[in-house]
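Asks: The file below is data_4.cif, mmCIF, C-alpha atoms:
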data_start
loop_
_atom_site.label_atom_id
_atom_site.label_comp_id
_atom_site.auth_asym_id
_atom_site.auth_seq_id
_atom_site.Cartn_x
_atom_site.Cartn_y
_atom_site.Cartn_z
CA MET A 1 116.83 78.91 110.91
CA ARG A 2 118.28 81.17 108.20
CA VAL A 3 116.88 84.72 108.38
CA LEU A 4 117.00 87.42 105.70
CA LEU A 5 116.42 90.90 107.13
CA ILE A 6 115.46 93.71 104.76
CA GLY A 7 116.48 97.29 105.59
CA ALA A 8 119.37 99.53 106.56
CA GLY A 9 118.36 101.78 109.46
CA GLY A 10 118.50 101.90 113.23
CA ARG A 11 115.37 99.78 113.46
CA GLU A 12 117.05 97.10 111.36
CA HIS A 13 120.21 97.26 113.49
CA ALA A 14 118.06 96.66 116.57
CA LEU A 15 116.26 93.80 114.81
CA ALA A 16 119.58 92.32 113.67
CA ARG A 17 121.00 92.38 117.19
CA ALA A 18 117.94 90.64 118.59
CA LEU A 19 117.84 88.07 115.78
CA ALA A 20 121.57 87.35 116.07
CA ALA A 21 121.11 86.71 119.81
CA ASP A 22 118.38 84.11 119.15
CA PRO A 23 119.91 80.62 119.53
CA GLY A 24 117.43 79.37 116.94
CA VAL A 25 118.90 81.64 114.24
CA ASP A 26 121.82 79.88 112.51
CA ALA A 27 122.51 82.53 109.87
CA LEU A 28 121.54 86.18 109.48
CA ILE A 29 121.73 87.94 106.11
CA THR A 30 120.76 91.59 105.73
CA ALA A 31 120.10 93.63 102.60
CA PRO A 32 121.44 96.21 102.25
CA GLY A 33 122.33 96.73 105.91
CA ASN A 34 124.84 99.24 107.25
CA PRO A 35 128.31 99.08 108.88
CA GLY A 36 126.84 98.41 112.32
CA ILE A 37 124.71 95.54 111.05
CA GLY A 38 127.69 94.27 109.04
CA ALA A 39 129.50 93.49 112.28
CA ILE A 40 126.90 90.82 113.14
CA ALA A 41 125.35 89.78 109.82
CA GLU A 42 126.27 88.99 106.24
CA LEU A 43 125.44 91.98 104.02
CA ARG A 44 123.96 91.65 100.54
CA GLU A 45 123.06 94.23 97.91
CA ALA A 46 119.46 94.46 96.73
CA ASN A 47 116.89 96.93 95.53
CA ILE A 48 114.63 96.43 98.53
CA THR A 49 111.56 98.01 96.93
CA ASP A 50 111.72 95.55 94.00
CA PRO A 51 109.60 92.53 95.02
CA VAL A 52 111.12 90.26 92.36
CA ALA A 53 114.68 91.12 93.41
CA VAL A 54 114.01 90.56 97.11
CA ALA A 55 112.23 87.26 96.46
CA ALA A 56 115.15 86.11 94.31
CA LEU A 57 117.60 87.03 97.06
CA ALA A 58 115.51 85.10 99.59
CA VAL A 59 115.71 82.01 97.38
CA GLU A 60 119.45 82.46 96.78
CA ALA A 61 120.10 82.92 100.50
CA ARG A 62 118.05 79.80 101.30
CA ALA A 63 116.11 81.85 103.82
CA ASP A 64 113.66 80.15 106.17
CA LEU A 65 112.26 83.51 107.22
CA VAL A 66 112.32 86.98 105.67
CA VAL A 67 111.79 89.95 107.99
CA VAL A 68 110.91 93.20 106.23
CA GLY A 69 111.87 96.26 108.26
CA PRO A 70 110.84 99.43 106.36
CA GLU A 71 107.42 100.42 105.10
CA ALA A 72 108.26 101.14 101.44
CA PRO A 73 109.08 97.51 100.53
CA LEU A 74 105.90 96.33 102.24
CA VAL A 75 103.71 98.80 100.34
CA ALA A 76 105.52 97.74 97.14
CA GLY A 77 104.52 94.10 97.68
CA VAL A 78 107.78 92.51 98.79
CA ALA A 79 106.07 90.24 101.32
CA ASP A 80 103.69 88.93 98.64
CA ALA A 81 106.58 88.07 96.31
CA VAL A 82 108.53 86.29 99.05
CA ARG A 83 105.53 84.21 100.12
CA ALA A 84 104.87 83.31 96.48
CA GLN A 85 108.25 81.52 96.59
CA GLY A 86 107.05 79.41 99.53
CA ILE A 87 109.21 81.29 102.06
CA ALA A 88 107.80 82.50 105.38
CA CYS A 89 107.75 86.29 105.59
CA PHE A 90 107.14 88.58 108.55
CA GLY A 91 105.33 91.56 107.10
CA PRO A 92 101.90 92.33 105.67
CA SER A 93 100.82 92.01 102.06
CA ALA A 94 100.76 95.13 99.90
CA ALA A 95 96.99 95.27 100.31
CA ALA A 96 97.20 95.07 104.11
CA ALA A 97 100.14 97.49 104.26
CA ARG A 98 97.76 100.19 103.02
CA LEU A 99 97.00 100.69 106.72
CA GLU A 100 100.23 102.69 106.63
CA GLY A 101 100.47 103.47 102.94
CA SER A 102 97.21 105.43 102.93
CA LYS A 103 95.96 107.35 105.94
CA ALA A 104 92.59 107.69 104.26
CA PHE A 105 92.33 103.90 103.98
CA ALA A 106 93.36 103.54 107.63
CA LYS A 107 90.62 105.95 108.68
CA GLU A 108 88.11 103.97 106.62
CA VAL A 109 89.12 100.73 108.35
CA MET A 110 89.00 102.38 111.77
CA ALA A 111 85.48 103.62 111.09
CA ALA A 112 84.37 100.15 110.02
CA ALA A 113 85.94 98.64 113.14
CA GLY A 114 84.57 101.26 115.51
CA VAL A 115 88.09 102.22 116.58
CA PRO A 116 88.29 105.40 118.67
CA THR A 117 90.22 108.00 116.68
CA ALA A 118 90.17 111.66 115.71
CA ARG A 119 87.47 113.02 113.42
CA ALA A 120 89.01 113.59 110.01
CA LEU A 121 88.35 114.82 106.48
CA VAL A 122 90.13 113.66 103.32
CA CYS A 123 91.04 116.62 101.09
CA THR A 124 92.31 116.72 97.51
CA THR A 125 92.05 120.44 96.72
CA PRO A 126 93.19 123.63 98.48
CA GLU A 127 89.56 124.66 98.84
CA GLU A 128 88.64 121.41 100.61
CA ALA A 129 91.69 121.76 102.85
CA ALA A 130 90.80 125.33 103.77
CA ARG A 131 87.26 124.31 104.76
CA ALA A 132 88.56 121.41 106.83
CA LEU A 133 91.06 123.62 108.65
CA ASP A 134 88.31 126.05 109.52
CA GLU A 135 86.01 123.26 110.68
CA PHE A 136 88.53 121.75 113.11
CA GLY A 137 90.39 124.91 114.12
CA PRO A 138 93.85 125.11 115.71
CA PRO A 139 96.05 123.32 116.49
CA TYR A 140 95.85 122.20 112.85
CA VAL A 141 96.78 118.57 112.05
CA VAL A 142 97.57 117.94 108.36
CA LYS A 143 98.81 114.50 107.24
CA ASN A 144 100.14 113.52 103.85
CA ASP A 145 97.97 110.58 102.79
CA GLY A 146 100.93 108.56 101.49
CA LEU A 147 104.29 107.45 102.83
CA ALA A 148 106.52 110.29 104.01
CA ALA A 149 109.19 108.60 106.16
CA GLY A 150 107.61 109.83 109.38
CA LYS A 151 107.79 113.49 108.30
CA GLY A 152 104.52 113.95 106.44
CA VAL A 153 102.59 115.38 109.39
CA VAL A 154 102.35 119.04 110.28
CA VAL A 155 100.87 120.11 113.62
CA THR A 156 100.73 123.89 113.90
CA ASP A 157 98.72 126.90 115.09
CA ASP A 158 99.71 128.68 111.86
CA ARG A 159 96.83 128.27 109.42
CA ALA A 160 98.94 129.45 106.47
CA ALA A 161 101.62 126.84 107.22
CA ALA A 162 98.97 124.13 107.53
CA LEU A 163 97.39 125.11 104.22
CA SER A 164 100.79 125.27 102.53
CA HIS A 165 101.56 121.70 103.62
CA ALA A 166 98.18 120.54 102.32
CA GLU A 167 98.84 122.18 98.96
CA GLU A 168 102.21 120.39 98.68
CA CYS A 169 100.51 116.98 98.92
CA ALA A 170 98.29 115.32 96.34
CA GLN A 171 95.87 114.20 99.05
CA VAL A 172 95.82 114.94 102.77
CA VAL A 173 93.93 113.89 105.85
CA ILE A 174 93.05 116.84 108.08
CA GLU A 175 91.83 115.93 111.52
CA GLU A 176 91.04 117.26 114.95
CA TYR A 177 93.91 117.65 117.37
CA LEU A 178 94.18 114.99 120.07
CA ASP A 179 95.41 116.16 123.45
CA GLY A 180 97.34 114.05 125.93
CA PRO A 181 100.63 112.11 125.87
CA GLU A 182 101.35 109.79 122.97
CA VAL A 183 102.13 106.08 123.23
CA SER A 184 103.54 103.64 120.67
CA LEU A 185 102.31 100.05 120.97
CA PHE A 186 103.78 97.30 118.77
CA VAL A 187 101.58 94.26 118.20
CA VAL A 188 102.92 91.06 116.60
CA THR A 189 100.11 89.25 114.79
CA ASP A 190 99.49 86.37 112.40
CA GLY A 191 96.16 87.86 111.41
CA GLU A 192 94.21 86.04 114.12
CA ALA A 193 96.28 85.89 117.29
CA ALA A 194 97.96 89.09 118.48
CA VAL A 195 100.71 89.65 121.05
CA PRO A 196 101.42 93.16 122.36
CA LEU A 197 104.97 94.26 123.16
CA LEU A 198 105.93 96.85 125.78
CA PRO A 199 104.50 100.30 125.09
CA ALA A 200 107.03 103.06 124.47
CA GLN A 201 107.06 106.80 123.91
CA ASP A 202 109.00 108.55 121.17
CA PHE A 203 109.93 112.17 120.48
CA LYS A 204 109.08 113.42 117.00
CA ARG A 205 110.08 117.09 117.15
CA VAL A 206 113.69 117.92 116.41
CA GLY A 207 114.25 120.20 119.41
CA ASP A 208 113.97 120.15 123.18
CA HIS A 209 110.55 120.85 124.68
CA ASP A 210 108.98 119.47 121.48
CA GLU A 211 110.00 122.47 119.41
CA GLY A 212 110.83 122.58 115.70
CA PRO A 213 109.68 120.45 112.78
CA ASN A 214 108.72 116.79 112.90
CA THR A 215 111.41 114.18 112.29
CA GLY A 216 111.54 110.43 111.94
CA GLY A 217 112.08 110.33 115.72
CA MET A 218 114.78 111.80 118.00
CA GLY A 219 114.57 109.36 120.88
CA ALA A 220 112.38 106.98 122.85
CA TYR A 221 112.06 105.15 126.14
CA ALA A 222 110.34 102.15 127.69
CA PRO A 223 108.60 101.13 129.86
CA LEU A 224 106.17 103.95 130.66
CA PRO A 225 105.92 104.45 134.44
CA TRP A 226 102.95 106.79 133.99
CA ALA A 227 100.84 104.54 131.73
CA PRO A 228 97.41 103.85 133.26
CA ASP A 229 96.57 100.37 134.47
CA GLY A 230 94.76 98.30 131.88
CA LEU A 231 95.97 100.39 128.93
CA ILE A 232 97.22 97.46 126.85
CA ASP A 233 94.12 95.35 127.46
CA ALA A 234 91.90 98.29 126.51
CA VAL A 235 93.81 98.95 123.28
CA MET A 236 93.79 95.30 122.31
CA SER A 237 90.03 95.00 122.82
CA THR A 238 88.95 98.32 121.31
CA VAL A 239 91.57 98.80 118.59
CA VAL A 240 93.66 95.78 117.65
CA TYR A 241 91.19 92.90 117.55
CA PRO A 242 88.42 94.93 115.83
CA THR A 243 90.92 96.14 113.20
CA LEU A 244 92.23 92.63 112.54
CA ARG A 245 88.65 91.37 112.22
CA VAL A 246 87.74 94.02 109.62
CA MET A 247 90.89 93.27 107.64
CA ARG A 248 90.05 89.54 107.62
CA ASP A 249 86.46 90.28 106.61
CA ARG A 250 87.78 92.29 103.66
CA GLY A 251 89.92 89.38 102.55
CA ILE A 252 93.20 91.15 103.35
CA PRO A 253 94.30 89.74 106.72
CA PHE A 254 97.05 91.74 108.39
CA GLN A 255 100.05 89.59 109.32
CA GLY A 256 103.21 91.12 110.71
CA LEU A 257 103.75 94.10 112.99
CA LEU A 258 100.82 96.43 113.61
CA TYR A 259 102.08 99.68 115.08
CA VAL A 260 99.38 101.52 117.00
CA GLY A 261 100.15 105.18 117.65
CA LEU A 262 97.93 106.45 120.44
CA ALA A 263 97.06 109.67 122.21
CA LEU A 264 95.79 109.28 125.76
CA THR A 265 93.05 111.91 125.73
CA ARG A 266 90.46 113.00 128.30
CA GLN A 267 88.04 110.68 126.51
CA GLY A 268 90.44 107.73 126.71
CA PRO A 269 92.94 106.26 124.22
CA ARG A 270 92.52 107.45 120.63
CA VAL A 271 94.42 106.14 117.60
CA VAL A 272 96.67 108.74 115.98
CA GLU A 273 97.93 106.42 113.24
CA PHE A 274 98.62 102.85 112.20
CA ASN A 275 101.93 101.71 110.79
CA ALA A 276 102.65 98.34 109.17
CA ARG A 277 106.12 97.75 110.67
CA PHE A 278 108.29 98.33 113.71
CA GLY A 279 108.72 102.01 114.54
CA ASP A 280 112.09 103.74 114.67
CA PRO A 281 113.45 104.58 117.27
CA GLU A 282 111.00 102.82 119.61
CA THR A 283 112.18 99.43 118.34
CA GLN A 284 115.61 100.09 119.82
CA VAL A 285 114.27 100.30 123.39
CA VAL A 286 111.50 97.70 123.14
CA LEU A 287 113.74 94.98 121.72
CA ALA A 288 116.50 95.84 124.22
CA LEU A 289 114.08 94.74 126.95
CA LEU A 290 112.67 91.65 125.19
CA GLU A 291 114.09 88.44 126.64
CA THR A 292 112.05 86.06 124.49
CA PRO A 293 114.02 85.01 121.35
CA LEU A 294 112.85 87.26 118.53
CA GLY A 295 113.36 84.91 115.58
CA GLY A 296 111.00 82.29 116.94
CA LEU A 297 108.36 84.91 117.72
CA LEU A 298 108.42 86.45 114.24
CA HIS A 299 108.48 83.02 112.57
CA ALA A 300 105.38 81.97 114.53
CA ALA A 301 103.57 85.07 113.28
CA ALA A 302 104.74 84.43 109.73
CA VAL A 303 103.47 80.84 109.62
CA GLY A 304 100.24 81.30 111.57
CA THR A 305 101.15 79.60 114.85
CA LEU A 306 101.40 82.68 117.08
CA GLY A 307 98.53 81.46 119.24
CA GLN A 308 100.72 78.52 120.32
CA HIS A 309 103.74 80.67 121.21
CA GLU A 310 104.85 80.91 124.82
CA PRO A 311 104.09 84.12 126.74
CA LEU A 312 106.69 86.82 126.25
CA ARG A 313 109.42 87.34 128.82
CA TRP A 314 110.85 90.78 129.56
CA ARG A 315 114.05 91.96 131.21
CA ASP A 316 113.79 94.07 134.34
CA GLY A 317 114.70 97.71 134.14
CA ALA A 318 114.36 100.35 131.45
CA ALA A 319 115.86 101.46 128.14
CA VAL A 320 116.36 104.89 126.59
CA VAL A 321 117.59 105.75 123.08
CA VAL A 322 118.87 109.18 122.04
CA VAL A 323 119.30 109.85 118.32
CA VAL A 324 122.37 111.76 117.14
CA ALA A 325 121.46 113.61 113.94
CA ALA A 326 123.55 115.15 111.19
CA ALA A 327 123.99 118.88 110.68
CA GLY A 328 120.96 120.32 108.91
CA TYR A 329 118.56 117.51 109.79
CA PRO A 330 115.60 117.31 109.18
CA THR A 331 115.43 119.92 106.41
CA ALA A 332 118.75 119.36 104.60
CA ALA A 333 120.97 116.80 106.32
CA ARG A 334 124.68 116.99 105.58
CA THR A 335 126.38 113.68 104.82
CA GLY A 336 129.97 112.55 104.40
CA ASP A 337 131.27 113.69 107.79
CA VAL A 338 133.63 111.42 109.74
CA ILE A 339 132.08 109.67 112.76
CA LEU A 340 134.10 108.51 115.77
CA GLY A 341 132.79 106.41 118.65
CA ALA A 342 130.07 104.63 116.70
CA GLU A 343 131.47 101.16 117.39
CA ALA A 344 130.62 101.30 121.12
CA ASP A 345 128.21 98.70 122.46
CA GLY A 346 124.73 100.17 122.55
CA VAL A 347 125.24 102.47 119.55
CA LEU A 348 122.87 101.44 116.77
CA HIS A 349 123.59 102.65 113.25
CA SER A 350 120.94 104.38 111.17
CA GLY A 351 122.66 106.61 108.62
CA THR A 352 126.26 105.42 108.36
CA ALA A 353 128.59 104.14 105.65
CA ARG A 354 132.29 103.40 105.17
CA ASP A 355 134.47 104.97 102.50
CA ASP A 356 137.00 103.05 100.43
CA ASN A 357 139.52 103.34 103.27
CA GLY A 358 137.15 101.93 105.86
CA VAL A 359 136.49 105.29 107.53
CA MET A 360 133.01 105.63 109.05
CA LEU A 361 130.98 108.48 107.55
CA SER A 362 127.54 109.96 108.05
CA ALA A 363 125.15 108.84 105.32
CA GLY A 364 121.75 110.04 106.49
CA GLY A 365 119.88 112.49 108.68
CA ARG A 366 119.59 110.33 111.76
CA VAL A 367 123.08 108.93 112.05
CA VAL A 368 123.16 106.75 115.19
CA GLY A 369 120.94 105.92 118.14
CA CYS A 370 122.59 105.60 121.55
CA THR A 371 120.67 103.02 123.57
CA GLY A 372 121.22 102.92 127.31
CA MET A 373 119.85 100.40 129.78
CA GLY A 374 119.60 100.43 133.54
CA PRO A 375 117.59 99.24 136.53
CA ASP A 376 115.35 102.30 136.22
CA LEU A 377 114.56 105.02 133.73
CA ALA A 378 116.96 107.55 135.24
CA SER A 379 119.95 105.20 135.08
CA ALA A 380 119.05 104.10 131.54
CA ARG A 381 118.85 107.75 130.49
CA SER A 382 122.22 108.48 132.08
CA HIS A 383 123.77 105.53 130.22
CA ALA A 384 122.28 106.71 126.90
CA TYR A 385 123.72 110.19 127.26
CA GLN A 386 127.10 108.76 128.25
CA LEU A 387 127.12 107.00 124.89
CA VAL A 388 126.06 110.21 123.15
CA GLY A 389 129.09 111.91 124.69
CA GLN A 390 131.38 109.39 122.99
CA ILE A 391 130.10 110.20 119.49
CA LYS A 392 132.22 112.68 117.55
CA LEU A 393 130.51 114.09 114.46
CA ASP A 394 130.95 117.62 113.16
CA GLY A 395 127.71 119.59 113.37
CA ALA A 396 125.81 116.81 115.13
CA HIS A 397 122.81 117.63 117.26
CA TYR A 398 120.48 115.74 119.57
CA ARG A 399 117.75 116.38 122.10
CA SER A 400 118.82 116.74 125.72
CA ASP A 401 115.39 116.01 127.23
CA ILE A 402 114.62 112.43 126.15
CA ALA A 403 112.66 110.69 128.96
CA LEU A 404 113.31 113.58 131.36
CA ALA A 405 109.68 114.57 131.89
CA ALA A 406 108.75 110.95 132.69
CA ILE A 407 111.55 110.69 135.24
CA GLU A 408 110.46 113.95 136.87
CA GLY A 409 106.83 112.82 136.98
CA ARG A 410 105.61 115.47 134.56
CA VAL A 411 103.88 113.10 132.12
CA ARG A 412 100.30 112.34 133.07
CA PRO A 413 97.31 111.23 131.03
CA PRO A 414 94.47 113.77 131.29
CA ALA A 415 92.10 113.14 134.17
#
Please re-express this file's structure in structure tokens.
Replies:
Amino acid sequence: MRVLLIGAGGREHALARALAADPGVDALITAPGNPGIGAIAELREANITDPVAVAALAVEARADLVVVGPEAPLVAGVADAVRAQGIACFGPSAAAARLEGSKAFAKEVMAAAGVPTARALVCTTPEEAARALDEFGPPYVVKNDGLAAGKGVVVTDDRAAALSHAEECAQVVIEEYLDGPEVSLFVVTDGEAAVPLLPAQDFKRVGDHDEGPNTGGMGAYAPLPWAPDGLIDAVMSTVVYPTLRVMRDRGIPFQGLLYVGLALTRQGPRVVEFNARFGDPETQVVLALLETPLGGLLHAAAVGTLGQHEPLRWRDGAAVVVVVAAAGYPTAARTGDVILGAEADGVLHSGTARDDNGVMLSAGGRVVGCTGMGPDLASARSHAYQLVGQIKLDGAHYRSDIALAAIEGRVRPPA
């Protein structure tokens, strides 16, 4: 099977590694990729948010399967264009990708499906936003309705800051704050059948102890030793299957990766958000533990035979990823700094490039993700931070507390 992977970040590097390890994958082409992906796949240039260009590349590459990593190409309709060429594609249609592309649409679908989630109001003016903030009270949760690369959400006790964020966005969703630890659950689906992967937890704030602004994600770990028994079954029955049913009933079946962001509240699991693709950096740890060949799994979802796929197999142990970020991230990331140590096994590239002399440089805010594995969470965390210690990048910063609270038994769902 020839696979074309679309994207260039740490998530795509993790996907590329897993796809390259699948004995059923004969060739792996990635557009545009990055230097880390280039070590295991053929790189091609393409405007990945141009559906016509991506579909043409899929035809030229003689792809049997196209896997779309980021959200922007999906919302732009890349999956539709690829399928119109008769090529299997893992990723939802533009209409179905609105589950991520519009938080207001996602809330509408959740309401129709009876999915447990936070109460919310959609606001288009400062006056509406001010009333919504006063109705829900602090902590204030303000979400940009559209795509914002994981940084469109503000959670704050500062009403002025919350209102300022709302005024910067054309439309926002303001909702009640959900207490309790958060969980990321990836679900592979062909629109009918659905297969959950291991739940993970990520760290959105830039600083230790969850301080500072939101980022695209500063680290993650899996599995979750503190997750309550029956969590996955409960989420599948109350969230995933009802959502898939509503999408089918609307004539826009969701096929691809449904990301369910959850808060485990005192009232039980509540959906924080849906995404239409693998999350970054959770993908790095979840796929590190997946033993089942990834290409065959994604192809089954793409062609509608997921219900016939064998049960997933998982490696023993745990995985932890720590993101090394560039100076100034997330407000104004500095690029162009030399990186040393990024070729080590377990280092996944997110924002890297090579200059004309082949020197590795930083090319984004989140530069690399150091993924450690071990027989337990503590050893996996130790391995991840050993890799972090090998990265040399001027001005780099990272969180020092990834997975620590879970190891120390300080993460507990509310009673």
Asks: Using only C-alpha atoms, which of A:Cys370, A:Ala106, A:Leu340, A:Val246 sits nearest Leu393 of chain A?
Replies: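 Closest residue, counting only C-alpha atoms: A:Leu340.
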Asks: Could you pull the residues within 8 Å of Val206 of chain A, counting all atoms listed in the file, minus those fewer than 4 positions along the same chain, as a list in words?
Replies: Asp210, Glu211, Gly212, Pro213, Asn214, Thr215, Gly217, Met218, Pro330, Tyr398 and Arg399 of chain A
Asks: Pull out every residue that the PyMOL selection byres ((chain A and resi 309) around 10) matches in the shown coordinates and put them as a list in words.
Replies: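 The output of the PyMOL selection byres ((chain A and resi 309) around 10) on this file is Ala193, Val195, Gly296, Leu297, Ala300, Ala301, Thr305, Leu306, Gly307, Gln308, Glu310, Pro311 and Leu312 of chain A.
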Asks: Using all atoms listed in the file, determine which residues lie at most 7 Å from segment 130-142 of chain A, disregarding the query and same-chain residues fewer than 3 positions distant; provide the list as an MDAnalysis selection string.
Replies: chainID A and resid 121 126:127 153:157 162:163 166 172:177
Asks: Would you mind reading off the distance between atom CA of Gly256 of chain A and atom CA of Thr292 of chain A, one decimal, in Å?
Replies: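 One can read the atom CA of Gly256 of chain A to atom CA of Thr292 of chain A distance as 17.1 Å.
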Asks: Run the PyMOL selection byres ((chain A and resi 88) around 6) against the file shown and list the residues it catches, as a compact mmCIF listing (two decimals) with C-alpha atoms, keeping the file's coordinate frame.
Replies:
# COMPACT_ATOMS: atom_id res chain seq x y z
CA LEU A 65 112.26 83.51 107.22
CA ARG A 83 105.53 84.21 100.12
CA ILE A 87 109.21 81.29 102.06
CA CYS A 89 107.75 86.29 105.59
CA ALA A 302 104.74 84.43 109.73
Asks: Could you tell me which of A:Asp158, A:Asp345, A:Asp22, A:Asp233 comes closest to Ala39 of chain A if we count only C-alpha atoms?
Replies: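 Ranked by minimum distance to Ala39 of chain A, first place goes to A:Asp345.
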Asks: Could you tell me which of A:Leu244, A:Leu15, A:Ala31, A:Met1 comes closest to Leu99 of chain A if we count all atoms listed in the file?
Replies: A:Leu244
Asks: Please evaluate the PyMOL selection byres ((chain A and resi 6) around 12) against the displayed coordinates and give the resulting residues as a PyMOL selection string.
Replies: chain A and resi 3-5+7-9+11-13+15-16+28-34+37+41-51+53-55+57-58+63+65-74+78-79+82+89-91+277
Asks: For Ala318 of chain A, which residue among A:Phe186, A:Tyr221, A:Tyr241, A:Tyr259 is the nearest when counting all atoms listed in the file?
Replies: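 Nearest candidate to Ala318 of chain A out of A:Phe186, A:Tyr221, A:Tyr241, A:Tyr259: A:Tyr221.
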Asks: Quick check, in Å to one decimal: how far apart do atom CA of Ala380 of chain A and atom CA of Gly317 of chain A lie?
Replies: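 Atom-to-atom, atom CA of Ala380 of chain A to atom CA of Gly317 of chain A, that is 8.2 Å.
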Asks: Tell me, in Å to one decimal, how far atom CA of Arg248 of chain A is from atom CA of Pro196 of chain A.
Replies: 19.0 Å
Asks: Is it possible to add N, CA and C atoms to segment 219-232 of chain A and hand it back as a PDB file, in the coordinates of the input?
Replies:
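What landed in part-v2.pdb:
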ATOM      1  N   GLY A 219     114.286 110.126 119.678  1.00  0.00           N
ATOM      2  CA  GLY A 219     114.570 109.360 120.880  1.00  0.00           C
ATOM      3  C   GLY A 219     113.329 108.634 121.355  1.00  0.00           C
ATOM      4  N   ALA A 220     113.504 107.744 122.313  1.00  0.00           N
ATOM      5  CA  ALA A 220     112.380 106.980 122.850  1.00  0.00           C
ATOM      6  C   ALA A 220     112.787 106.345 124.166  1.00  0.00           C
ATOM      7  N   TYR A 221     111.779 105.881 124.907  1.00  0.00           N
ATOM      8  CA  TYR A 221     112.060 105.150 126.140  1.00  0.00           C
ATOM      9  C   TYR A 221     110.949 104.150 126.427  1.00  0.00           C
ATOM     10  N   ALA A 222     111.288 103.163 127.220  1.00  0.00           N
ATOM     11  CA  ALA A 222     110.340 102.150 127.690  1.00  0.00           C
ATOM     12  C   ALA A 222     110.922 101.544 128.968  1.00  0.00           C
ATOM     13  N   PRO A 223     110.064 101.060 129.873  1.00  0.00           N
ATOM     14  CA  PRO A 223     108.600 101.130 129.860  1.00  0.00           C
ATOM     15  C   PRO A 223     108.110 102.525 130.232  1.00  0.00           C
ATOM     16  N   LEU A 224     106.785 102.670 130.350  1.00  0.00           N
ATOM     17  CA  LEU A 224     106.170 103.950 130.660  1.00  0.00           C
ATOM     18  C   LEU A 224     105.639 103.924 132.093  1.00  0.00           C
ATOM     19  N   PRO A 225     106.353 104.526 133.040  1.00  0.00           N
ATOM     20  CA  PRO A 225     105.920 104.450 134.440  1.00  0.00           C
ATOM     21  C   PRO A 225     104.588 105.134 134.698  1.00  0.00           C
ATOM     22  N   TRP A 226     104.182 106.013 133.800  1.00  0.00           N
ATOM     23  CA  TRP A 226     102.950 106.790 133.990  1.00  0.00           C
ATOM     24  C   TRP A 226     101.748 106.183 133.268  1.00  0.00           C
ATOM     25  N   ALA A 227     101.953 105.122 132.502  1.00  0.00           N
ATOM     26  CA  ALA A 227     100.840 104.540 131.730  1.00  0.00           C
ATOM     27  C   ALA A 227      99.753 104.030 132.670  1.00  0.00           C
ATOM     28  N   PRO A 228      98.492 104.309 132.384  1.00  0.00           N
ATOM     29  CA  PRO A 228      97.410 103.850 133.260  1.00  0.00           C
ATOM     30  C   PRO A 228      97.272 102.337 133.258  1.00  0.00           C
ATOM     31  N   ASP A 229      96.826 101.807 134.379  1.00  0.00           N
ATOM     32  CA  ASP A 229      96.570 100.370 134.470  1.00  0.00           C
ATOM     33  C   ASP A 229      95.518  99.965 133.437  1.00  0.00           C
ATOM     34  N   GLY A 230      95.738  98.812 132.830  1.00  0.00           N
ATOM     35  CA  GLY A 230      94.760  98.300 131.880  1.00  0.00           C
ATOM     36  C   GLY A 230      94.850  98.891 130.494  1.00  0.00           C
ATOM     37  N   LEU A 231      95.879  99.737 130.238  1.00  0.00           N
ATOM     38  CA  LEU A 231      95.970 100.390 128.930  1.00  0.00           C
ATOM     39  C   LEU A 231      96.093  99.378 127.795  1.00  0.00           C
ATOM     40  N   ILE A 232      97.008  98.414 127.937  1.00  0.00           N
ATOM     41  CA  ILE A 232      97.220  97.460 126.850  1.00  0.00           C
ATOM     42  C   ILE A 232      95.974  96.637 126.587  1.00  0.00           C
TER      43      ILE A 232
END
